[in-house]
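> Data: final_16.txt, compact mmCIF, C-alpha atoms.
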# COMPACT_ATOMS: atom_id res chain seq x y z
CA ASP A 54 -29.39 -66.76 70.09
CA ALA A 55 -26.96 -67.02 67.18
CA GLY A 56 -27.33 -63.36 66.31
CA VAL A 57 -27.69 -61.97 62.80
CA ILE A 58 -26.12 -64.41 60.37
CA GLN A 59 -24.68 -63.26 57.07
CA SER A 60 -23.22 -65.33 54.29
CA PRO A 61 -20.80 -65.52 52.72
CA ARG A 62 -18.20 -63.77 54.93
CA HIS A 63 -16.03 -63.04 51.91
CA GLU A 64 -16.86 -62.95 48.22
CA VAL A 65 -14.51 -62.30 45.34
CA THR A 66 -16.09 -62.07 41.94
CA GLU A 67 -15.35 -60.80 38.48
CA MET A 68 -16.89 -57.66 37.10
CA GLY A 69 -20.18 -58.40 35.39
CA GLN A 70 -21.07 -61.39 37.52
CA GLU A 71 -24.15 -61.62 39.69
CA VAL A 72 -23.59 -61.51 43.44
CA THR A 73 -26.10 -62.55 46.10
CA LEU A 74 -25.60 -61.72 49.76
CA ARG A 75 -27.71 -63.43 52.38
CA CYS A 76 -28.96 -62.52 55.82
CA LYS A 77 -30.84 -64.33 58.56
CA PRO A 78 -32.13 -61.89 61.18
CA ILE A 79 -32.64 -62.63 64.85
CA SER A 80 -35.80 -64.61 65.40
CA GLY A 81 -38.65 -62.30 66.38
CA HIS A 82 -37.10 -59.14 65.03
CA ASN A 83 -39.43 -57.49 62.53
CA SER A 84 -37.15 -54.86 61.02
CA LEU A 85 -34.19 -55.61 58.77
CA PHE A 86 -31.61 -53.22 57.38
CA TRP A 87 -28.91 -53.48 54.73
CA TYR A 88 -25.89 -51.17 55.03
CA ARG A 89 -22.78 -50.73 52.92
CA GLN A 90 -19.49 -49.62 54.45
CA THR A 91 -16.61 -48.10 52.49
CA MET A 92 -13.67 -45.95 53.46
CA MET A 93 -14.87 -43.10 51.28
CA ARG A 94 -18.56 -43.02 52.17
CA GLY A 95 -18.72 -44.64 55.60
CA LEU A 96 -21.91 -46.52 56.52
CA GLU A 97 -24.75 -46.03 54.05
CA LEU A 98 -28.25 -47.36 54.57
CA LEU A 99 -29.28 -49.12 51.37
CA ILE A 100 -32.74 -50.41 52.21
CA TYR A 101 -34.83 -51.49 55.15
CA PHE A 102 -37.84 -53.71 55.69
CA ASN A 103 -40.56 -53.73 58.33
CA ASN A 104 -42.55 -56.95 58.62
CA ASN A 105 -40.94 -58.17 55.36
CA VAL A 106 -42.14 -55.12 53.42
CA PRO A 107 -39.58 -52.70 51.92
CA ILE A 108 -40.08 -49.31 53.52
CA ASP A 109 -37.28 -47.16 52.19
CA ASP A 110 -35.00 -48.13 49.32
CA SER A 111 -33.80 -44.62 48.55
CA GLY A 112 -30.26 -45.62 49.45
CA MET A 113 -30.01 -48.32 46.80
CA PRO A 114 -27.41 -46.86 44.47
CA GLU A 115 -28.63 -48.14 41.13
CA ASP A 116 -31.01 -50.53 39.45
CA ARG A 117 -28.24 -53.09 39.54
CA PHE A 118 -29.03 -53.49 43.24
CA SER A 119 -32.12 -55.31 44.46
CA ALA A 120 -33.20 -56.68 47.81
CA LYS A 121 -35.88 -59.12 48.86
CA MET A 122 -37.30 -60.44 52.07
CA PRO A 123 -39.53 -63.40 51.21
CA ASN A 124 -40.16 -64.26 54.86
CA ALA A 125 -39.32 -63.10 58.37
CA SER A 126 -36.18 -65.22 58.59
CA PHE A 127 -34.37 -64.48 55.35
CA SER A 128 -33.29 -61.60 53.15
CA THR A 129 -31.07 -61.24 50.11
CA LEU A 130 -29.22 -58.38 48.52
CA LYS A 131 -28.39 -58.95 44.87
CA ILE A 132 -26.06 -57.03 42.58
CA GLN A 133 -26.36 -57.74 38.88
CA PRO A 134 -24.09 -57.00 37.11
CA SER A 135 -21.39 -56.27 39.68
CA GLU A 136 -18.77 -53.56 39.19
CA PRO A 137 -15.44 -52.87 40.94
CA ARG A 138 -16.93 -49.81 42.69
CA ASP A 139 -19.35 -52.13 44.47
CA SER A 140 -16.44 -53.50 46.50
CA ALA A 141 -17.31 -52.86 50.14
CA VAL A 142 -18.40 -54.55 53.34
CA TYR A 143 -22.14 -55.15 53.37
CA PHE A 144 -23.84 -55.39 56.74
CA CYS A 145 -27.24 -56.69 57.63
CA ALA A 146 -28.89 -55.66 60.90
CA SER A 147 -32.18 -56.45 62.58
CA SER A 148 -34.28 -55.01 65.38
CA TYR A 149 -37.73 -54.86 66.90
CA ARG A 150 -39.56 -52.13 65.02
CA ASP A 151 -41.41 -50.76 68.03
CA ARG A 152 -38.57 -50.92 70.56
CA VAL A 153 -35.80 -48.38 70.57
CA ASN A 154 -32.99 -50.75 71.42
CA GLY A 155 -30.71 -50.13 68.50
CA TYR A 156 -29.82 -52.77 65.98
CA THR A 157 -28.01 -56.08 66.14
CA PHE A 158 -25.51 -56.24 63.31
CA GLY A 159 -24.19 -59.26 61.49
CA SER A 160 -20.48 -59.75 60.92
CA GLY A 161 -20.73 -58.48 57.36
CA THR A 162 -19.85 -59.74 53.89
CA ARG A 163 -16.65 -58.37 52.41
CA LEU A 164 -17.25 -58.11 48.67
CA THR A 165 -14.40 -57.65 46.22
CA VAL A 166 -15.21 -57.17 42.55
CA VAL A 167 -12.17 -57.48 40.28
CA ALA B 300 -33.51 -34.66 57.03
CA GLN B 301 -30.91 -35.73 59.55
CA SER B 302 -27.14 -35.75 59.54
CA VAL B 303 -24.43 -36.78 61.97
CA THR B 304 -20.97 -35.26 62.11
CA GLN B 305 -18.11 -36.86 63.95
CA LEU B 306 -15.56 -34.14 64.22
CA ASP B 307 -12.44 -36.28 64.40
CA SER B 308 -11.67 -39.09 61.97
CA GLN B 309 -8.75 -40.36 64.04
CA VAL B 310 -7.91 -39.97 67.72
CA PRO B 311 -4.57 -41.33 68.92
CA VAL B 312 -4.15 -41.51 72.69
CA PHE B 313 -1.89 -43.16 75.22
CA GLU B 314 -3.10 -45.89 77.53
CA GLU B 315 -4.73 -44.65 80.75
CA ALA B 316 -5.28 -41.17 79.30
CA PRO B 317 -8.76 -39.66 79.06
CA VAL B 318 -10.47 -39.42 75.70
CA GLU B 319 -13.43 -37.61 74.15
CA LEU B 320 -14.94 -38.51 70.79
CA ARG B 321 -17.12 -35.73 69.49
CA CYS B 322 -20.48 -36.07 67.78
CA ASN B 323 -22.86 -33.40 66.57
CA TYR B 324 -26.15 -33.96 64.81
CA SER B 325 -28.69 -32.03 62.85
CA SER B 326 -32.36 -32.94 62.74
CA SER B 327 -35.72 -31.29 62.16
CA VAL B 328 -37.41 -33.84 64.45
CA SER B 329 -36.59 -35.34 67.81
CA VAL B 330 -34.10 -38.18 67.74
CA TYR B 331 -32.77 -41.02 69.82
CA LEU B 332 -28.97 -41.16 70.02
CA PHE B 333 -26.55 -44.06 69.95
CA TRP B 334 -22.89 -44.92 70.03
CA TYR B 335 -21.66 -48.09 68.35
CA VAL B 336 -18.20 -49.67 68.42
CA GLN B 337 -16.64 -51.72 65.65
CA TYR B 338 -13.60 -53.89 66.34
CA PRO B 339 -11.46 -54.96 63.37
CA ASN B 340 -13.20 -57.34 60.99
CA GLN B 341 -16.38 -57.38 63.04
CA GLY B 342 -19.85 -55.90 62.86
CA LEU B 343 -21.00 -52.95 64.92
CA GLN B 344 -21.97 -53.41 68.55
CA LEU B 345 -24.18 -51.10 70.56
CA LEU B 346 -22.14 -49.26 73.19
CA LEU B 347 -24.76 -46.98 74.73
CA LYS B 348 -27.91 -45.07 73.92
CA TYR B 349 -29.89 -42.03 74.96
CA LEU B 350 -33.66 -42.34 74.73
CA SER B 351 -34.98 -39.96 77.37
CA GLY B 352 -34.48 -38.92 80.98
CA SER B 353 -31.01 -38.32 82.39
CA THR B 354 -28.79 -36.74 79.78
CA LEU B 355 -25.76 -38.71 80.97
CA VAL B 356 -25.68 -42.34 79.92
CA GLU B 357 -23.07 -44.97 80.70
CA SER B 358 -21.85 -48.24 79.24
CA ILE B 359 -20.67 -51.27 81.16
CA ASN B 360 -17.04 -50.79 80.12
CA GLY B 361 -16.54 -47.27 81.45
CA PHE B 362 -17.64 -45.11 78.54
CA GLU B 363 -20.20 -42.37 79.04
CA ALA B 364 -21.95 -39.90 76.76
CA GLU B 365 -23.87 -36.75 77.50
CA PHE B 366 -26.77 -35.48 75.46
CA ASN B 367 -26.70 -31.70 75.05
CA LYS B 368 -29.86 -30.58 73.31
CA SER B 369 -28.90 -26.94 72.95
CA GLN B 370 -25.64 -27.84 71.25
CA THR B 371 -27.11 -30.87 69.47
CA SER B 372 -24.18 -32.94 70.64
CA PHE B 373 -23.65 -36.41 72.08
CA HIS B 374 -19.95 -36.65 72.87
CA LEU B 375 -18.45 -39.94 74.08
CA ARG B 376 -15.92 -39.92 76.91
CA LYS B 377 -13.82 -42.29 78.95
CA PRO B 378 -11.60 -41.14 81.83
CA SER B 379 -8.93 -43.79 81.30
CA VAL B 380 -8.61 -45.87 78.13
CA HIS B 381 -7.15 -49.33 77.64
CA ILE B 382 -5.38 -50.89 74.69
CA SER B 383 -8.49 -53.02 74.17
CA ASP B 384 -10.55 -49.88 73.48
CA THR B 385 -8.79 -49.52 70.13
CA ALA B 386 -11.62 -49.63 67.60
CA GLU B 387 -13.79 -47.47 65.39
CA TYR B 388 -16.64 -45.64 67.07
CA PHE B 389 -19.81 -44.54 65.34
CA CYS B 390 -22.36 -42.03 66.51
CA ALA B 391 -25.90 -42.52 65.18
CA VAL B 392 -29.34 -40.93 65.40
CA ARG B 393 -32.75 -42.48 65.00
CA PRO B 394 -35.52 -40.01 64.19
CA HIS B 395 -38.71 -40.46 66.13
CA ASN B 396 -41.55 -42.00 64.15
CA GLN B 397 -39.59 -42.68 60.98
CA GLY B 398 -39.64 -46.43 60.87
CA GLY B 399 -36.55 -47.15 62.90
CA LYS B 400 -33.74 -46.30 60.52
CA LEU B 401 -30.40 -45.23 61.97
CA ILE B 402 -28.26 -42.52 60.39
CA PHE B 403 -24.58 -42.93 61.15
CA GLY B 404 -21.67 -40.54 61.32
CA GLN B 405 -18.46 -41.23 59.44
CA GLY B 406 -16.79 -42.86 62.40
CA THR B 407 -13.83 -42.04 64.62
CA GLU B 408 -10.87 -44.37 64.77
CA LEU B 409 -9.59 -44.55 68.34
CA SER B 410 -6.03 -45.81 68.57
CA VAL B 411 -4.71 -46.47 72.09
CA LYS B 412 -0.95 -46.75 72.35
CA PRO B 413 1.06 -48.23 75.25
Render the structure in this file as structure tokens.

Amino acid sequence: DAGVIQSPRHEVTEMGQEVTLRCKPISGHNSLFWYRQTMMRGLELLIYFNNNVPIDDSGMPEDRFSAKMPNASFSTLKIQPSEPRDSAVYFCASSYRDRVNGYTFGSGTRLTVV
Amino acid sequence: AQSVTQLDSQVPVFEEAPVELRCNYSSSVSVYLFWYVQYPNQGLQLLLKYLSGSTLVESINGFEAEFNKSQTSFHLRKPSVHISDTAEYFCAVRPHNQGGKLIFGQGTELSVKP
């Protein structure tokens, strides 16, 4: 299994531009999570999906952030417009909803907004 | 609501010395407990977990953690560390019956020196 695949690994963009982060979960996993990691705030859960349906998006910081999961093998996290304070590492993780095995994390996308 | 507190942000230690990384949690419901490790520029990897049964759990690389319900703690220990253990360690809780989301502590940076 290739694991959780995130793209791009690095993204540098100018303030005001739209940014789209992508995630392919492990085949068969039915829960998907988006986290943001910064030095100041640590790991924050932004949103998670069960069976492609958003369950809890209370961690999404603002309306500028949106996430979709159109099918079981793909999810996106979009920031529009981006701001310098959005600079962080964004992780996607997946798991089986009904098994308590922890998550499998992707390698992350390091986003820099200048 | 749940919260996780890792009491030390940084732990420097010499090679072959013992180490303990402390984790306390607060929750109004029962939780599962996890430790994750993050090596530089990588995603998080599951180190060990407590689901039920024996309160002492072990990983394959010599770490162990003990669940103490009365003190709501899940401290991570290793009797003799290696240079390769240098990484950031995250404690996390998963509330029972809340859709599978993990709540992470702020992380402890373990630095092993020769």
> Counting all atoms listed in the file, which residues from chain A have an atom at most 10 Å from any atom of chain B, and could you show them as a ChimeraX atom specification?
/A:57,84-86,90-98,100-103,108-109,142-146,148-163
> Record the distance separating CA of Glu67 in chain A and CA of Met122 in chain A, expressed in Å with one decimal.
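Between CA of Glu67 in chain A and CA of Met122 in chain A the gap is 25.8 Å.
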> Report the centre and edge lengths, in Å to one decimal, of an axis-aligned box enclosing every atom of range 150-165 of chain A listed in the file, padded by 8 Å on each side, as JSON.

{"center_x": -27.9, "center_y": -54.1, "center_z": 58.8, "size_x": 43.0, "size_y": 27.4, "size_z": 41.2}
> Interatomic distance between CA of Val72 in chain A and CA of Ser111 in chain A?
20.4 Å
> By how many Å are CA of Gln301 in chain B and CA of Pro394 in chain B apart?
7.8 Å
> Using all atoms listed in the file, determine which residues lie at most 10 Å from Asn124 in chain A, disregarding the query and same-chain residues fewer than 6 positions distant; provide the list as a PyMOL selection string.
chain A and resi 104-106
> Kindly export the residues of the current selection with C-alpha atoms, as a compact mmCIF listing (two decimals), in the frame of the given file.

# COMPACT_ATOMS: atom_id res chain seq x y z
CA ASN A 104 -42.55 -56.95 58.62
CA ASN A 105 -40.94 -58.17 55.36
CA VAL A 106 -42.14 -55.12 53.42
> Could you tell me, as a VMD selection string, which residues have any atom at most 8 Å from (-18.3, -60.3, 33.9), counting all atoms listed in the file?
chain A and resid 67 to 70 134 to 135
> Can you pull out every residue within 7 Å of range 317-322 of chain B, counting all atoms listed in the file, but drop anything in the same chain fewer than 4 positions away, and send it as a list in words?
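Listing them by chain and then by number gives Thr304, Gln305, Leu306, Asp307, Ser372, Phe373, His374, Leu375, Arg376, Lys377, Pro378, Ser379, Val380 and Cys390 of chain B.
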> Smallest atom-to-atom distance to Gln133 in chain A: which of A:Ile58, A:Cys76, A:Val65, A:Glu71, using all atoms listed in the file?
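Ranking A:Ile58, A:Cys76, A:Val65, A:Glu71 by distance to Gln133 in chain A, first place goes to A:Glu71.
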